[in-house]
file final_35.pdb (PDB, C-alpha atoms)
ATOM      1  CA  MET U 185      86.396  78.556  78.503  1.00  0.00           C
ATOM      2  CA  THR U 186      83.740  79.393  81.037  1.00  0.00           C
ATOM      3  CA  THR U 187      81.606  82.431  81.710  1.00  0.00           C
ATOM      4  CA  HIS U 188      80.013  83.781  84.848  1.00  0.00           C
ATOM      5  CA  PRO U 189      77.297  86.277  83.860  1.00  0.00           C
ATOM      6  CA  ASP U 190      76.754  87.577  87.404  1.00  0.00           C
ATOM      7  CA  HIS U 191      79.372  90.308  86.812  1.00  0.00           C
ATOM      8  CA  GLY U 192      77.649  91.972  83.891  1.00  0.00           C
ATOM      9  CA  GLN U 193      78.979  92.054  80.390  1.00  0.00           C
ATOM     10  CA  GLU U 194      82.274  90.229  79.872  1.00  0.00           C
ATOM     11  CA  LEU U 195      84.422  90.955  76.837  1.00  0.00           C
ATOM     12  CA  ILE U 196      85.442  87.320  76.387  1.00  0.00           C
ATOM     13  CA  PRO U 197      84.759  84.086  78.251  1.00  0.00           C
ATOM     14  CA  ARG U 198      87.064  83.244  81.158  1.00  0.00           C
ATOM     15  CA  PRO U 199      89.944  81.152  79.819  1.00  0.00           C
ATOM     16  CA  GLU U 200      90.877  77.755  81.166  1.00  0.00           C
ATOM     17  CA  ARG U 201      93.791  77.665  83.605  1.00  0.00           C
ATOM     18  CA  THR U 202      96.535  76.876  81.108  1.00  0.00           C
ATOM     19  CA  PRO U 203      99.353  79.112  79.914  1.00  0.00           C
ATOM     20  CA  THR U 204      98.182  78.859  76.299  1.00  0.00           C
ATOM     21  CA  ALA U 205      94.567  79.720  77.107  1.00  0.00           C
ATOM     22  CA  VAL U 206      95.540  82.676  79.307  1.00  0.00           C
ATOM     23  CA  ARG U 207      97.993  83.994  76.687  1.00  0.00           C
ATOM     24  CA  THR U 208      95.372  83.652  73.926  1.00  0.00           C
ATOM     25  CA  ALA U 209      92.830  85.531  76.039  1.00  0.00           C
ATOM     26  CA  LEU U 210      95.316  88.307  76.806  1.00  0.00           C
ATOM     27  CA  ALA U 211      96.148  88.597  73.102  1.00  0.00           C
ATOM     28  CA  ARG U 212      92.452  89.183  72.387  1.00  0.00           C
ATOM     29  CA  ILE U 213      91.732  91.793  75.048  1.00  0.00           C
ATOM     30  CA  ALA U 214      95.073  93.424  75.914  1.00  0.00           C
ATOM     31  CA  PRO U 215      97.676  92.600  73.265  1.00  0.00           C
ATOM     32  CA  HIS U 216      99.830  95.499  74.440  1.00  0.00           C
ATOM     33  CA  ARG U 217     100.546  93.473  77.609  1.00  0.00           C
ATOM     34  CA  LEU U 218     101.889  90.354  75.879  1.00  0.00           C
ATOM     35  CA  SER U 219     105.535  91.398  76.135  1.00  0.00           C
ATOM     36  CA  GLU U 220     105.046  92.085  79.857  1.00  0.00           C
ATOM     37  CA  MET U 221     103.545  88.612  80.277  1.00  0.00           C
ATOM     38  CA  GLU U 222     106.409  87.005  78.354  1.00  0.00           C
ATOM     39  CA  GLN U 223     109.056  88.837  80.393  1.00  0.00           C
ATOM     40  CA  HIS U 224     107.342  87.814  83.623  1.00  0.00           C
ATOM     41  CA  LYS U 225     107.194  84.188  82.381  1.00  0.00           C
ATOM     42  CA  GLU U 226     110.929  84.186  81.662  1.00  0.00           C
ATOM     43  CA  GLN U 227     111.628  85.515  85.172  1.00  0.00           C
ATOM     44  CA  ALA U 228     109.360  82.870  86.720  1.00  0.00           C
ATOM     45  CA  LEU U 229     110.985  80.112  84.694  1.00  0.00           C
ATOM     46  CA  ALA U 230     114.475  81.261  85.663  1.00  0.00           C
ATOM     47  CA  ALA U 231     113.480  81.389  89.339  1.00  0.00           C
ATOM     48  CA  ALA U 232     111.883  77.933  89.120  1.00  0.00           C
ATOM     49  CA  LEU U 233     115.036  76.472  87.578  1.00  0.00           C
ATOM     50  CA  ARG U 234     117.284  78.237  90.067  1.00  0.00           C
ATOM     51  CA  ASP U 235     115.249  77.217  93.131  1.00  0.00           C
ATOM     52  CA  GLY U 236     113.919  73.897  91.866  1.00  0.00           C
ATOM     53  CA  LYS U 237     110.385  74.991  92.774  1.00  0.00           C
ATOM     54  CA  ILE U 238     107.398  74.977  90.449  1.00  0.00           C
ATOM     55  CA  GLY U 239     105.639  77.513  92.685  1.00  0.00           C
ATOM     56  CA  HIS U 240     107.175  80.371  90.697  1.00  0.00           C
ATOM     57  CA  LEU U 241     105.360  79.167  87.579  1.00  0.00           C
ATOM     58  CA  GLN U 242     102.130  78.555  89.468  1.00  0.00           C
ATOM     59  CA  TYR U 243     102.270  82.122  90.803  1.00  0.00           C
ATOM     60  CA  TRP U 244     102.949  83.433  87.280  1.00  0.00           C
ATOM     61  CA  LEU U 245      99.895  81.643  85.881  1.00  0.00           C
ATOM     62  CA  THR U 246      97.665  82.771  88.751  1.00  0.00           C
ATOM     63  CA  TYR U 247      98.850  86.371  88.402  1.00  0.00           C
ATOM     64  CA  TRP U 248      98.167  86.466  84.662  1.00  0.00           C
ATOM     65  CA  GLN U 249      94.864  84.681  84.954  1.00  0.00           C
ATOM     66  CA  ALA U 250      93.811  87.422  87.396  1.00  0.00           C
ATOM     67  CA  GLN U 251      95.123  90.128  85.031  1.00  0.00           C
ATOM     68  CA  VAL U 252      93.011  88.640  82.220  1.00  0.00           C
ATOM     69  CA  GLU U 253      90.024  88.605  84.586  1.00  0.00           C
ATOM     70  CA  ILE U 254      90.504  92.335  85.212  1.00  0.00           C
ATOM     71  CA  GLU U 255      90.889  93.079  81.499  1.00  0.00           C
ATOM     72  CA  ARG U 256      87.912  90.968  80.384  1.00  0.00           C
ATOM     73  CA  ARG U 257      85.463  92.397  82.919  1.00  0.00           C
ATOM     74  CA  PRO U 258      84.595  96.060  82.337  1.00  0.00           C
ATOM     75  CA  ASP U 259      83.492  96.462  85.975  1.00  0.00           C
ATOM     76  CA  LEU U 260      86.899  95.417  87.308  1.00  0.00           C
ATOM     77  CA  ARG U 261      88.851  97.167  84.590  1.00  0.00           C
ATOM     78  CA  SER U 262      87.160 100.522  85.188  1.00  0.00           C
ATOM     79  CA  ARG U 263      87.740 100.289  88.947  1.00  0.00           C
ATOM     80  CA  TYR U 264      91.362  99.304  88.374  1.00  0.00           C
ATOM     81  CA  GLN U 265      92.001 102.118  85.884  1.00  0.00           C
ATOM     82  CA  ALA U 266      90.371 104.720  88.147  1.00  0.00           C
ATOM     83  CA  ALA U 267      92.517 103.596  91.065  1.00  0.00           C
ATOM     84  CA  LEU U 268      95.665 103.767  88.917  1.00  0.00           C
ATOM     85  CA  VAL U 269      94.804 107.314  87.876  1.00  0.00           C
ATOM     86  CA  SER U 270      94.331 108.228  91.538  1.00  0.00           C
ATOM     87  CA  VAL U 271      97.650 106.659  92.516  1.00  0.00           C
ATOM     88  CA  HIS U 272      99.510 108.539  89.791  1.00  0.00           C
ATOM     89  CA  SER U 273      97.798 111.842  90.526  1.00  0.00           C
ATOM     90  CA  THR U 274      98.855 111.964  94.166  1.00  0.00           C
ATOM     91  CA  GLY U 275     102.001 113.825  95.052  1.00  0.00           C
ATOM     92  CA  SER U 276     103.144 111.532  97.832  1.00  0.00           C
ATOM     93  CA  ARG U 277     102.620 108.095  99.301  1.00  0.00           C
ATOM     94  CA  ASP U 278     101.666 109.840 102.520  1.00  0.00           C
ATOM     95  CA  GLU U 279      98.532 111.387 101.022  1.00  0.00           C
ATOM     96  CA  PRO U 280      95.242 109.748 102.045  1.00  0.00           C
ATOM     97  CA  GLY U 281      94.211 109.516  98.374  1.00  0.00           C
ATOM     98  CA  PHE U 282      97.244 107.383  97.613  1.00  0.00           C
ATOM     99  CA  ARG U 283      96.421 104.916 100.350  1.00  0.00           C
ATOM    100  CA  THR U 284      92.765 104.752  99.328  1.00  0.00           C
ATOM    101  CA  ALA U 285      93.693 104.137  95.692  1.00  0.00           C
ATOM    102  CA  MET U 286      96.220 101.446  96.628  1.00  0.00           C
ATOM    103  CA  ALA U 287      93.584  99.750  98.760  1.00  0.00           C
ATOM    104  CA  GLU U 288      91.221  99.768  95.768  1.00  0.00           C
ATOM    105  CA  LEU U 289      93.918  98.280  93.502  1.00  0.00           C
ATOM    106  CA  ARG U 290      94.464  95.489  96.018  1.00  0.00           C
ATOM    107  CA  ALA U 291      90.706  94.935  96.333  1.00  0.00           C
ATOM    108  CA  VAL U 292      90.299  94.585  92.564  1.00  0.00           C
ATOM    109  CA  GLU U 293      93.258  92.196  92.327  1.00  0.00           C
ATOM    110  CA  THR U 294      91.895  90.130  95.217  1.00  0.00           C
ATOM    111  CA  GLU U 295      88.450  89.958  93.625  1.00  0.00           C
ATOM    112  CA  ALA U 296      89.991  88.870  90.324  1.00  0.00           C
ATOM    113  CA  ARG U 297      92.129  86.160  91.985  1.00  0.00           C
ATOM    114  CA  GLN U 298      89.112  84.870  93.907  1.00  0.00           C
ATOM    115  CA  ALA U 299      87.028  84.782  90.730  1.00  0.00           C
ATOM    116  CA  VAL U 300      89.564  82.668  88.864  1.00  0.00           C
ATOM    117  CA  SER U 301      90.132  80.414  91.865  1.00  0.00           C
ATOM    118  CA  ALA U 302      86.441  79.597  92.335  1.00  0.00           C
TER     119      ALA U 302
END
call {"tool": "encode", "arguments": {"input": "final_35.pdb", "output": "structure tokens"}}
result
Amino acid sequence: MTTHPDHGQELIPRPERTPTAVRTALARIAPHRLSEMEQHKEQALAAALRDGKIGHLQYWLTYWQAQVEIERRPDLRSRYQAALVSVHSTGSRDEPGFRTAMAELRAVETEARQAVSA
């Protein structure tokens, strides 16, 4: 596991890029999401077998590594949660607040993916 202290306090060190390490990290910081991760893994595995492409599993690992990054970093998690609240409090996708919140969700996810790819 590695840490990058330039983002403030981190709840746990960044896990290595392996399914076991990412799952272990998620179990420590967001155990309520383990069933979601497992279901997503089964879908990725089925798609990989069906298509004969490992890319489905690579995407799955990248996605969950980024989700762990969001959960382990309070700065990202608070931004992500605030954007989710904004998304769910808008009455329509046409409202400017909805679009702003969705842009923030994408920005947080992009930052998390870039952090784990560095």
call {"tool": "residues_around", "arguments": {"input": "final_35.pdb", "residues": "U:Glu293", "least_positions_apart": "3", "cutoff": "12 Å", "atoms": "only C-alpha atoms", "output": "PDB file with C-alpha atoms, in the frame of the given file"}}
result
ATOM      1  CA  THR U 246      97.665  82.771  88.751  1.00  0.00           C
ATOM      2  CA  TYR U 247      98.850  86.371  88.402  1.00  0.00           C
ATOM      3  CA  TRP U 248      98.167  86.466  84.662  1.00  0.00           C
ATOM      4  CA  GLN U 249      94.864  84.681  84.954  1.00  0.00           C
ATOM      5  CA  ALA U 250      93.811  87.422  87.396  1.00  0.00           C
ATOM      6  CA  GLN U 251      95.123  90.128  85.031  1.00  0.00           C
ATOM      7  CA  VAL U 252      93.011  88.640  82.220  1.00  0.00           C
ATOM      8  CA  GLU U 253      90.024  88.605  84.586  1.00  0.00           C
ATOM      9  CA  ILE U 254      90.504  92.335  85.212  1.00  0.00           C
ATOM     10  CA  GLU U 255      90.889  93.079  81.499  1.00  0.00           C
ATOM     11  CA  LEU U 260      86.899  95.417  87.308  1.00  0.00           C
ATOM     12  CA  ARG U 261      88.851  97.167  84.590  1.00  0.00           C
ATOM     13  CA  ARG U 263      87.740 100.289  88.947  1.00  0.00           C
ATOM     14  CA  TYR U 264      91.362  99.304  88.374  1.00  0.00           C
ATOM     15  CA  GLN U 265      92.001 102.118  85.884  1.00  0.00           C
ATOM     16  CA  ALA U 267      92.517 103.596  91.065  1.00  0.00           C
ATOM     17  CA  MET U 286      96.220 101.446  96.628  1.00  0.00           C
ATOM     18  CA  ALA U 287      93.584  99.750  98.760  1.00  0.00           C
ATOM     19  CA  GLU U 288      91.221  99.768  95.768  1.00  0.00           C
ATOM     20  CA  LEU U 289      93.918  98.280  93.502  1.00  0.00           C
ATOM     21  CA  ARG U 290      94.464  95.489  96.018  1.00  0.00           C
ATOM     22  CA  ALA U 296      89.991  88.870  90.324  1.00  0.00           C
ATOM     23  CA  ARG U 297      92.129  86.160  91.985  1.00  0.00           C
ATOM     24  CA  GLN U 298      89.112  84.870  93.907  1.00  0.00           C
ATOM     25  CA  ALA U 299      87.028  84.782  90.730  1.00  0.00           C
ATOM     26  CA  VAL U 300      89.564  82.668  88.864  1.00  0.00           C
TER      27      VAL U 300
END
call {"tool": "closest_residue", "arguments": {"input": "final_35.pdb", "among": "U:Arg198, U:Met221, U:Ser276, U:Ala209", "to": "U:Leu245", "atoms": "all atoms listed in the file"}}
result
U:Met221
call {"tool": "closest_residue", "arguments": {"input": "final_35.pdb", "among": "U:Asp235, U:His272, U:Arg256, U:Tyr243", "to": "U:Ala211", "atoms": "only C-alpha atoms"}}
result
U:Arg256
call {"tool": "closest_residue", "arguments": {"input": "final_35.pdb", "among": "U:Glu220, U:Asp259, U:Val269, U:Arg277", "to": "U:Val292", "atoms": "all atoms listed in the file"}}
result
U:Asp259
call {"tool": "atom_distance", "arguments": {"input": "final_35.pdb", "atom1": "atom CA of U:Ala230", "atom2": "atom CA of U:Thr294"}}
result
26.1 Å
call {"tool": "residues_around", "arguments": {"input": "final_35.pdb", "residues": "U:Leu218", "least_positions_apart": "6", "cutoff": "10 Å", "atoms": "all atoms listed in the file", "output": "list in words"}}
result
Arg207, Thr208, Leu210, Ala211 and His224 of chain U
call {"tool": "closest_residue", "arguments": {"input": "final_35.pdb", "among": "U:Ala302, U:Ala228, U:Leu268, U:Ile213", "to": "U:Ile196", "atoms": "all atoms listed in the file"}}
result
U:Ile213
call {"tool": "closest_residue", "arguments": {"input": "final_35.pdb", "among": "U:Arg257, U:Gly239, U:Glu279, U:Ser270", "to": "U:Pro197", "atoms": "all atoms listed in the file"}}
result
U:Arg257
call {"tool": "atom_distance", "arguments": {"input": "final_35.pdb", "atom1": "atom CA of U:Thr202", "atom2": "atom CA of U:Trp244"}}
result
11.1 Å
call {"tool": "atom_distance", "arguments": {"input": "final_35.pdb", "atom1": "atom CA of U:Gln227", "atom2": "atom CA of U:Ala205"}}
result
19.7 Å
call {"tool": "axis_aligned_box", "arguments": {"input": "final_35.pdb", "around": "stretch 277-294 of chain U", "padding_each_side": "6 Å", "output": "JSON"}}
result
{"center_x": 96.5, "center_y": 100.8, "center_z": 97.4, "size_x": 24.3, "size_y": 33.3, "size_z": 22.2}
